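Here is the structure we will look at.
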Amino acid sequence: MEKEKVITTKQLTKQFGDFTAVNGISFEVHKGEIFGFLGANGAGKTTAIKMLCGLLAPTSGEAAVAGFDVYKQAEKIKKNIGYMSQKFSLYDDLTVRENMRLFAGIYGMDRKTIKQRTEEKLKQLELEPQADDLVNSLPLGWKQKLAFSIAIFHDPKIVFLDEPTGGVDPLARKQFWEMIYTAAHNGITIFVTTHYMDEAEYCDRVTIMVDGEIKALDTPGNLKETYEAESIDEVFYKLARTATRKAD
Amino acid sequence: MNAVSVEHITKTYLQKEQKKEKKVTALDDVSFTVDKGELFGIIGPDGAGKTSLFRILTTVLLADSGKASVEGLDVVKDYRKIRDRVGYMPGKFSLYQDLTVEENLNFFATIFNTTVKKNYELIKDIYVQLEPFKKRRAGALSGGMKQKLALCCALIHKPSILFLDEPTTGVDPVSRRDFWDMIKKLKEQDIAILVSTAYMDEANMCEKIALIQKGNILTVSSPEKITSEFDQPLLAVRSDDMYQLLYDLRANKAVKEAYPFGAYYHVIPEDANKTKELEAYLQQKGQKDLEVKPIKANIEDSFIALMKKND
């Protein structure tokens, strides 16, 4: 049986004037997959993610996310995805519970479901005692876990994580990845960018973007074999070194 | 004489929280020394106290208690002398965005009563990469270029000690490697370098490191020594069903700890001699393509173990 595709792109391209930020990328992401999206600063990752999230119209090419077309159905895409960025994206001066309610409300969930799910999530996160504390007072590791929970609160088909673990302590970083595994196991597709190359090894498949193009796409194991490298870090270094574009 | 000496430094802040003020301890009785010409890493997550420590040592923040000196000079009494001798690159980009590359560099040289020409030798290797953009405003540079300019400006008065606060945060792995190459070259010029980072893998670039967490120094030593002192058996385990594997591992009483690490789980078993039993148990649970192998701890394993001991 063929796996359900959650993202499909064909020759997806974005130009800004005469600068081609993303140059004809084609790939597919399957349901429940942990898909690592790597690239040096300026390789075009952010532009690609913006197009996939329905925030930026492509110049040419095709892309469907969660079954919706990026040109015509951007609003539907937004409803069916979750997003968490490297910069902490919750409201510091709202409590844990209030943040949950706010984001769930924005996604149009009804009150009863919100109430019920809030209790579930607080329990999962072991944050019940802190439910009415300001998010500001939580340690960074917890904030990130909370931000992830909220990004998947509305049961999106796919969640985009843009460098989710920067600056987090190693233990919290491991716990964060366990949450990712669980979400993927429950059928949520994970699209993740990271600067930690060991995290790339957690992914089912990894792409490496160089100068706006996809230079490699495979499982971490196969990539290491193809590039005769000990680690994804080495694979990345070999490929990214070939970049001619500067992030200027 | 040590390049840096820190004795029982404590720093607290008042944080406002729901109208009440709460005392937050950024540094809790911290002590360590850095030798002359040493490349010393302060390794820890955000909020560990790295920036507070750097700000105290560069004389822009006062500690609540304790003593600290830089090249034998007291950070409180001799702050003016220290400022002449240290180069400081803060974590946040702090150059003038509206000045060009060239103007920024000249500005910082002038403040320190020197000229770019006089100390050009020290920054030459880095500056040549910036030179094509010397007429560009600093604010319009890429992250990597900004970082190089900040380093040049921190070096232009020929400091004998350099403080780099998280120079590689948010920088991609290739640029990170380039940056460490630059730092190593600087070290050859006998400049002591204190560098902080939240990337554990960068610990191995330093001669000596302090692991810091919640304002406490967990340990100070060479990275090799820290990992060799990991005092528990450690296994790397993987299979074709990684999700279920973690549950199976944790359900086994002979497993003290299991956490994800790259393509494997790192597992601390109760008994190093019962690896075969663990393997048999996992096979019986239906795990396929199973791989179980003893491994040496890395810095992250050590950090986690020390963190737990400290809690």
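Every chain in the structure tokens has a letter given in the order shown (A, B, ...), and although residue numbers restart at 1 in each chain, ligands are simply numbered from 1 in the order shown.
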Test item: residues at most 7 Å from A:Pro164, only C-alpha atoms, excluding those fewer than 5 positions along its chain, as a ChimeraX atom specification: /A:84-86
Expected answer as an MDAnalysis selection string: helix (DSSP H, G or I) residues in stretch 30-154 of chain A: chainID A and resid 45:52 74:80 96:106 111:124 128:130 135:137 140:151
At most 8 Å to chain B: residues in chain A, only C-alpha atoms, as a PyMOL selection string: chain A and resi 39-41+134+137+140+166-171+174-175+177-178+181-182+185+195-202+233+237+240-241+247-248
Nearest candidate to B:Gly215 (options B:Cys153, B:Leu61, B:Leu27, B:Ala192; using only C-alpha atoms):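 Of the candidates, the smallest distance to B:Gly215 is held by B:Leu27.
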Contacts of A:Asp218 at 6 Å (only C-alpha atoms; same-chain gap of 5+ positions) as a list of chain:residue names: A:Arg205, A:Val206, A:Leu223
Every residue of stretch 53-246 of chain B that DSSP places in strand (DSSP E or B), as a PyMOL selection string: chain B and resi 65-70+73-74+86-89+100+137+161-165+192-197+208-213+216-221+235-238
All residues 10 Å or closer to A:Phe68, only C-alpha atoms, same chain fewer than 4 positions away omitted, as a PyMOL selection string: chain A and resi 6-8+54+63-64+72-78+80
Output N, CA, C and O atoms for every residue in the selection just made, as a PDB file, in the first residue's frame.
```pdb
ATOM      1  N   VAL A   6       1.425  13.792   2.611  1.00  0.00           N
ATOM      2  CA  VAL A   6       0.909  14.967   3.306  1.00  0.00           C
ATOM      3  C   VAL A   6       1.438  16.253   2.671  1.00  0.00           C
ATOM      4  O   VAL A   6       0.792  17.283   2.704  1.00  0.00           O
ATOM      5  N   ILE A   7       2.638  16.131   2.112  1.00  0.00           N
ATOM      6  CA  ILE A   7       3.175  17.259   1.348  1.00  0.00           C
ATOM      7  C   ILE A   7       3.675  16.729   0.011  1.00  0.00           C
ATOM      8  O   ILE A   7       4.338  15.713  -0.041  1.00  0.00           O
ATOM      9  N   THR A   8       3.318  17.424  -1.063  1.00  0.00           N
ATOM     10  CA  THR A   8       3.888  17.113  -2.370  1.00  0.00           C
ATOM     11  C   THR A   8       4.317  18.417  -3.011  1.00  0.00           C
ATOM     12  O   THR A   8       3.528  19.360  -3.077  1.00  0.00           O
ATOM     13  N   GLY A  54       1.591  28.402   3.420  1.00  0.00           N
ATOM     14  CA  GLY A  54       0.584  29.266   2.815  1.00  0.00           C
ATOM     15  C   GLY A  54       0.783  30.734   3.133  1.00  0.00           C
ATOM     16  O   GLY A  54      -0.141  31.539   3.039  1.00  0.00           O
ATOM     17  N   ALA A  63       2.597  22.833  -5.307  1.00  0.00           N
ATOM     18  CA  ALA A  63       2.732  22.281  -3.968  1.00  0.00           C
ATOM     19  C   ALA A  63       1.361  22.078  -3.344  1.00  0.00           C
ATOM     20  O   ALA A  63       0.486  22.927  -3.471  1.00  0.00           O
ATOM     21  N   ALA A  64       1.203  20.912  -2.713  1.00  0.00           N
ATOM     22  CA  ALA A  64      -0.011  20.643  -1.954  1.00  0.00           C
ATOM     23  C   ALA A  64       0.392  20.254  -0.546  1.00  0.00           C
ATOM     24  O   ALA A  64       1.318  19.477  -0.346  1.00  0.00           O
ATOM     25  N   LYS A  72      -4.271  28.288  -4.174  1.00  0.00           N
ATOM     26  CA  LYS A  72      -5.696  28.614  -4.078  1.00  0.00           C
ATOM     27  C   LYS A  72      -6.292  28.391  -2.699  1.00  0.00           C
ATOM     28  O   LYS A  72      -7.349  28.924  -2.384  1.00  0.00           O
ATOM     29  N   GLN A  73      -5.633  27.534  -1.908  1.00  0.00           N
ATOM     30  CA  GLN A  73      -6.276  27.158  -0.645  1.00  0.00           C
ATOM     31  C   GLN A  73      -5.400  27.438   0.572  1.00  0.00           C
ATOM     32  O   GLN A  73      -5.383  26.672   1.535  1.00  0.00           O
ATOM     33  N   ALA A  74      -4.688  28.549   0.519  1.00  0.00           N
ATOM     34  CA  ALA A  74      -3.745  28.889   1.595  1.00  0.00           C
ATOM     35  C   ALA A  74      -4.431  28.930   2.965  1.00  0.00           C
ATOM     36  O   ALA A  74      -3.874  28.476   3.961  1.00  0.00           O
ATOM     37  N   GLU A  75      -5.652  29.462   2.999  1.00  0.00           N
ATOM     38  CA  GLU A  75      -6.348  29.562   4.291  1.00  0.00           C
ATOM     39  C   GLU A  75      -6.655  28.187   4.866  1.00  0.00           C
ATOM     40  O   GLU A  75      -6.581  27.974   6.068  1.00  0.00           O
ATOM     41  N   LYS A  76      -7.001  27.250   3.984  1.00  0.00           N
ATOM     42  CA  LYS A  76      -7.294  25.884   4.454  1.00  0.00           C
ATOM     43  C   LYS A  76      -6.023  25.223   4.968  1.00  0.00           C
ATOM     44  O   LYS A  76      -6.049  24.447   5.911  1.00  0.00           O
ATOM     45  N   ILE A  77      -4.905  25.516   4.302  1.00  0.00           N
ATOM     46  CA  ILE A  77      -3.625  24.963   4.766  1.00  0.00           C
ATOM     47  C   ILE A  77      -3.363  25.434   6.187  1.00  0.00           C
ATOM     48  O   ILE A  77      -3.056  24.645   7.071  1.00  0.00           O
ATOM     49  N   LYS A  78      -3.515  26.731   6.404  1.00  0.00           N
ATOM     50  CA  LYS A  78      -3.222  27.295   7.722  1.00  0.00           C
ATOM     51  C   LYS A  78      -4.024  26.611   8.833  1.00  0.00           C
ATOM     52  O   LYS A  78      -3.542  26.432   9.936  1.00  0.00           O
ATOM     53  N   ASN A  80      -4.954  23.560   8.872  1.00  0.00           N
ATOM     54  CA  ASN A  80      -4.586  22.154   9.027  1.00  0.00           C
ATOM     55  C   ASN A  80      -3.130  21.898   9.406  1.00  0.00           C
ATOM     56  O   ASN A  80      -2.676  20.762   9.401  1.00  0.00           O
TER      57      ASN A  80
END
```
Counting only C-alpha atoms, the residue of A:Met51, A:Val159, A:Leu127, A:Val22 that sits nearest A:Thr189: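 The answer is A:Val159, which sits nearest to A:Thr189.
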Polymer residues at most 12 Å from A:Gln130, only C-alpha atoms, same-chain spacing of 3 or more positions, as a ChimeraX atom specification: /A:95-98,122-123,125-127,133-139,142-143,146
Take the residues from that selection and put them in a file with all heavy atoms, as a short mmCIF file (atom, residue, chain, number, x, y, z; two decimals), in the first residue's frame.
```cif
data_model
loop_
_atom_site.label_atom_id
_atom_site.label_comp_id
_atom_site.auth_asym_id
_atom_site.auth_seq_id
_atom_site.Cartn_x
_atom_site.Cartn_y
_atom_site.Cartn_z
N THR A 95 -1.15 33.01 31.28
CA THR A 95 -0.83 31.76 31.98
C THR A 95 -0.78 30.61 30.98
O THR A 95 -1.16 30.76 29.82
CB THR A 95 -1.90 31.43 33.05
OG1 THR A 95 -3.12 31.13 32.36
CG2 THR A 95 -2.11 32.58 34.01
N VAL A 96 -0.32 29.46 31.48
CA VAL A 96 -0.26 28.25 30.64
C VAL A 96 -1.64 27.96 30.06
O VAL A 96 -1.81 27.77 28.85
CB VAL A 96 0.23 27.06 31.50
CG1 VAL A 96 0.10 25.75 30.73
CG2 VAL A 96 1.66 27.30 31.97
N ARG A 97 -2.64 27.97 30.93
CA ARG A 97 -4.01 27.65 30.52
C ARG A 97 -4.55 28.68 29.51
O ARG A 97 -5.17 28.32 28.51
CB ARG A 97 -4.90 27.64 31.77
CG ARG A 97 -6.15 26.82 31.65
CD ARG A 97 -7.04 27.05 32.85
NE ARG A 97 -6.53 26.48 34.10
CZ ARG A 97 -6.71 25.20 34.43
NH1 ARG A 97 -7.35 24.38 33.64
NH2 ARG A 97 -6.24 24.75 35.57
N GLU A 98 -4.26 29.95 29.78
CA GLU A 98 -4.74 31.01 28.89
C GLU A 98 -4.12 30.90 27.49
O GLU A 98 -4.79 31.13 26.48
CB GLU A 98 -4.42 32.39 29.48
CG GLU A 98 -5.33 32.77 30.63
CD GLU A 98 -4.81 33.97 31.44
OE1 GLU A 98 -3.62 34.35 31.26
OE2 GLU A 98 -5.57 34.49 32.25
N LEU A 122 -2.37 19.29 30.00
CA LEU A 122 -1.70 19.65 31.26
C LEU A 122 -1.21 18.40 31.97
O LEU A 122 -0.12 18.37 32.52
CB LEU A 122 -2.67 20.42 32.16
CG LEU A 122 -2.99 21.85 31.74
CD1 LEU A 122 -4.12 22.43 32.60
CD2 LEU A 122 -1.76 22.73 31.84
N LYS A 123 -2.01 17.37 31.88
CA LYS A 123 -1.66 16.11 32.53
C LYS A 123 -0.45 15.48 31.84
O LYS A 123 0.53 15.11 32.48
CB LYS A 123 -2.86 15.17 32.47
CG LYS A 123 -2.84 14.14 33.56
CD LYS A 123 -4.18 13.46 33.63
CE LYS A 123 -4.21 12.54 34.84
NZ LYS A 123 -5.52 11.92 34.98
N LEU A 125 1.81 16.88 30.10
CA LEU A 125 3.01 17.70 30.30
C LEU A 125 3.43 17.75 31.76
O LEU A 125 4.47 18.31 32.09
CB LEU A 125 2.76 19.13 29.82
CG LEU A 125 2.62 19.35 28.32
CD1 LEU A 125 1.99 20.70 28.05
CD2 LEU A 125 3.98 19.28 27.66
N GLU A 126 2.61 17.18 32.63
CA GLU A 126 2.82 17.28 34.08
C GLU A 126 2.94 18.74 34.50
O GLU A 126 3.78 19.12 35.30
CB GLU A 126 4.05 16.47 34.51
CG GLU A 126 3.85 14.99 34.26
CD GLU A 126 5.11 14.16 34.53
OE1 GLU A 126 5.98 14.65 35.25
OE2 GLU A 126 5.19 13.05 34.01
N LEU A 127 2.07 19.54 33.92
CA LEU A 127 2.10 20.98 34.21
C LEU A 127 0.87 21.41 35.01
O LEU A 127 0.60 22.59 35.15
CB LEU A 127 2.14 21.77 32.90
CG LEU A 127 3.51 22.15 32.33
CD1 LEU A 127 3.37 22.91 31.03
CD2 LEU A 127 4.33 22.95 33.31
N ASP A 133 0.07 29.60 36.27
CA ASP A 133 1.26 30.46 36.36
C ASP A 133 1.50 31.12 35.01
O ASP A 133 1.18 30.56 33.96
CB ASP A 133 2.50 29.63 36.71
CG ASP A 133 2.48 29.14 38.15
OD1 ASP A 133 1.53 29.52 38.87
OD2 ASP A 133 3.37 28.38 38.52
N LEU A 134 2.10 32.30 35.07
CA LEU A 134 2.48 32.96 33.81
C LEU A 134 3.54 32.13 33.10
O LEU A 134 4.43 31.58 33.74
CB LEU A 134 3.04 34.36 34.09
CG LEU A 134 2.08 35.40 34.66
CD1 LEU A 134 2.76 36.75 34.72
CD2 LEU A 134 0.82 35.47 33.80
N VAL A 135 3.44 32.07 31.80
CA VAL A 135 4.39 31.31 31.00
C VAL A 135 5.82 31.83 31.23
O VAL A 135 6.78 31.07 31.26
CB VAL A 135 3.99 31.38 29.51
CG1 VAL A 135 5.15 31.08 28.61
CG2 VAL A 135 2.86 30.40 29.25
N ASN A 136 5.91 33.11 31.42
CA ASN A 136 7.16 33.79 31.73
C ASN A 136 7.98 33.11 32.84
O ASN A 136 9.20 33.12 32.82
CB ASN A 136 6.79 35.21 32.16
CG ASN A 136 7.99 36.10 32.27
OD1 ASN A 136 9.02 35.81 31.68
ND2 ASN A 136 7.86 37.18 33.02
N SER A 137 7.27 32.51 33.80
CA SER A 137 7.96 31.96 34.97
C SER A 137 8.47 30.53 34.74
O SER A 137 9.12 29.95 35.60
CB SER A 137 7.04 31.99 36.18
OG SER A 137 5.96 31.09 35.97
N LEU A 138 8.16 29.94 33.59
CA LEU A 138 8.59 28.56 33.33
C LEU A 138 10.03 28.54 32.80
O LEU A 138 10.44 29.43 32.07
CB LEU A 138 7.69 27.91 32.28
CG LEU A 138 6.21 27.73 32.58
CD1 LEU A 138 5.52 27.08 31.39
CD2 LEU A 138 6.00 26.90 33.83
N PRO A 139 10.79 27.48 33.13
CA PRO A 139 12.11 27.33 32.52
C PRO A 139 11.97 27.11 31.01
O PRO A 139 10.95 26.58 30.55
CB PRO A 139 12.67 26.06 33.17
CG PRO A 139 11.78 25.74 34.32
CD PRO A 139 10.46 26.41 34.07
N TRP A 142 10.71 23.78 29.51
CA TRP A 142 9.27 23.57 29.65
C TRP A 142 8.49 24.41 28.66
O TRP A 142 7.49 23.98 28.10
CB TRP A 142 8.82 23.93 31.07
CG TRP A 142 9.20 22.91 32.08
CD1 TRP A 142 10.23 22.00 31.97
CD2 TRP A 142 8.58 22.67 33.34
NE1 TRP A 142 10.28 21.24 33.10
CE2 TRP A 142 9.28 21.62 33.96
CE3 TRP A 142 7.50 23.25 34.01
CZ2 TRP A 142 8.94 21.14 35.22
CZ3 TRP A 142 7.17 22.78 35.26
CH2 TRP A 142 7.88 21.73 35.86
N LYS A 143 8.94 25.65 28.49
CA LYS A 143 8.26 26.53 27.54
C LYS A 143 8.23 25.88 26.16
O LYS A 143 7.22 25.91 25.47
CB LYS A 143 9.01 27.86 27.42
CG LYS A 143 8.79 28.82 28.55
CD LYS A 143 9.49 30.13 28.22
CE LYS A 143 9.48 31.08 29.39
NZ LYS A 143 10.27 32.28 29.14
N LEU A 146 5.80 23.10 26.05
CA LEU A 146 4.45 23.68 26.04
C LEU A 146 4.13 24.23 24.65
O LEU A 146 3.04 24.01 24.11
CB LEU A 146 4.36 24.78 27.09
CG LEU A 146 3.04 25.57 27.16
CD1 LEU A 146 1.89 24.63 27.52
CD2 LEU A 146 3.13 26.69 28.18
#
```
Nearest-residue call for B:Leu57, choices B:Glu224, B:Glu21, B:Glu207, B:Asp78, using only C-alpha atoms: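 Answer, going by the shortest atom-to-atom distance: B:Asp78.
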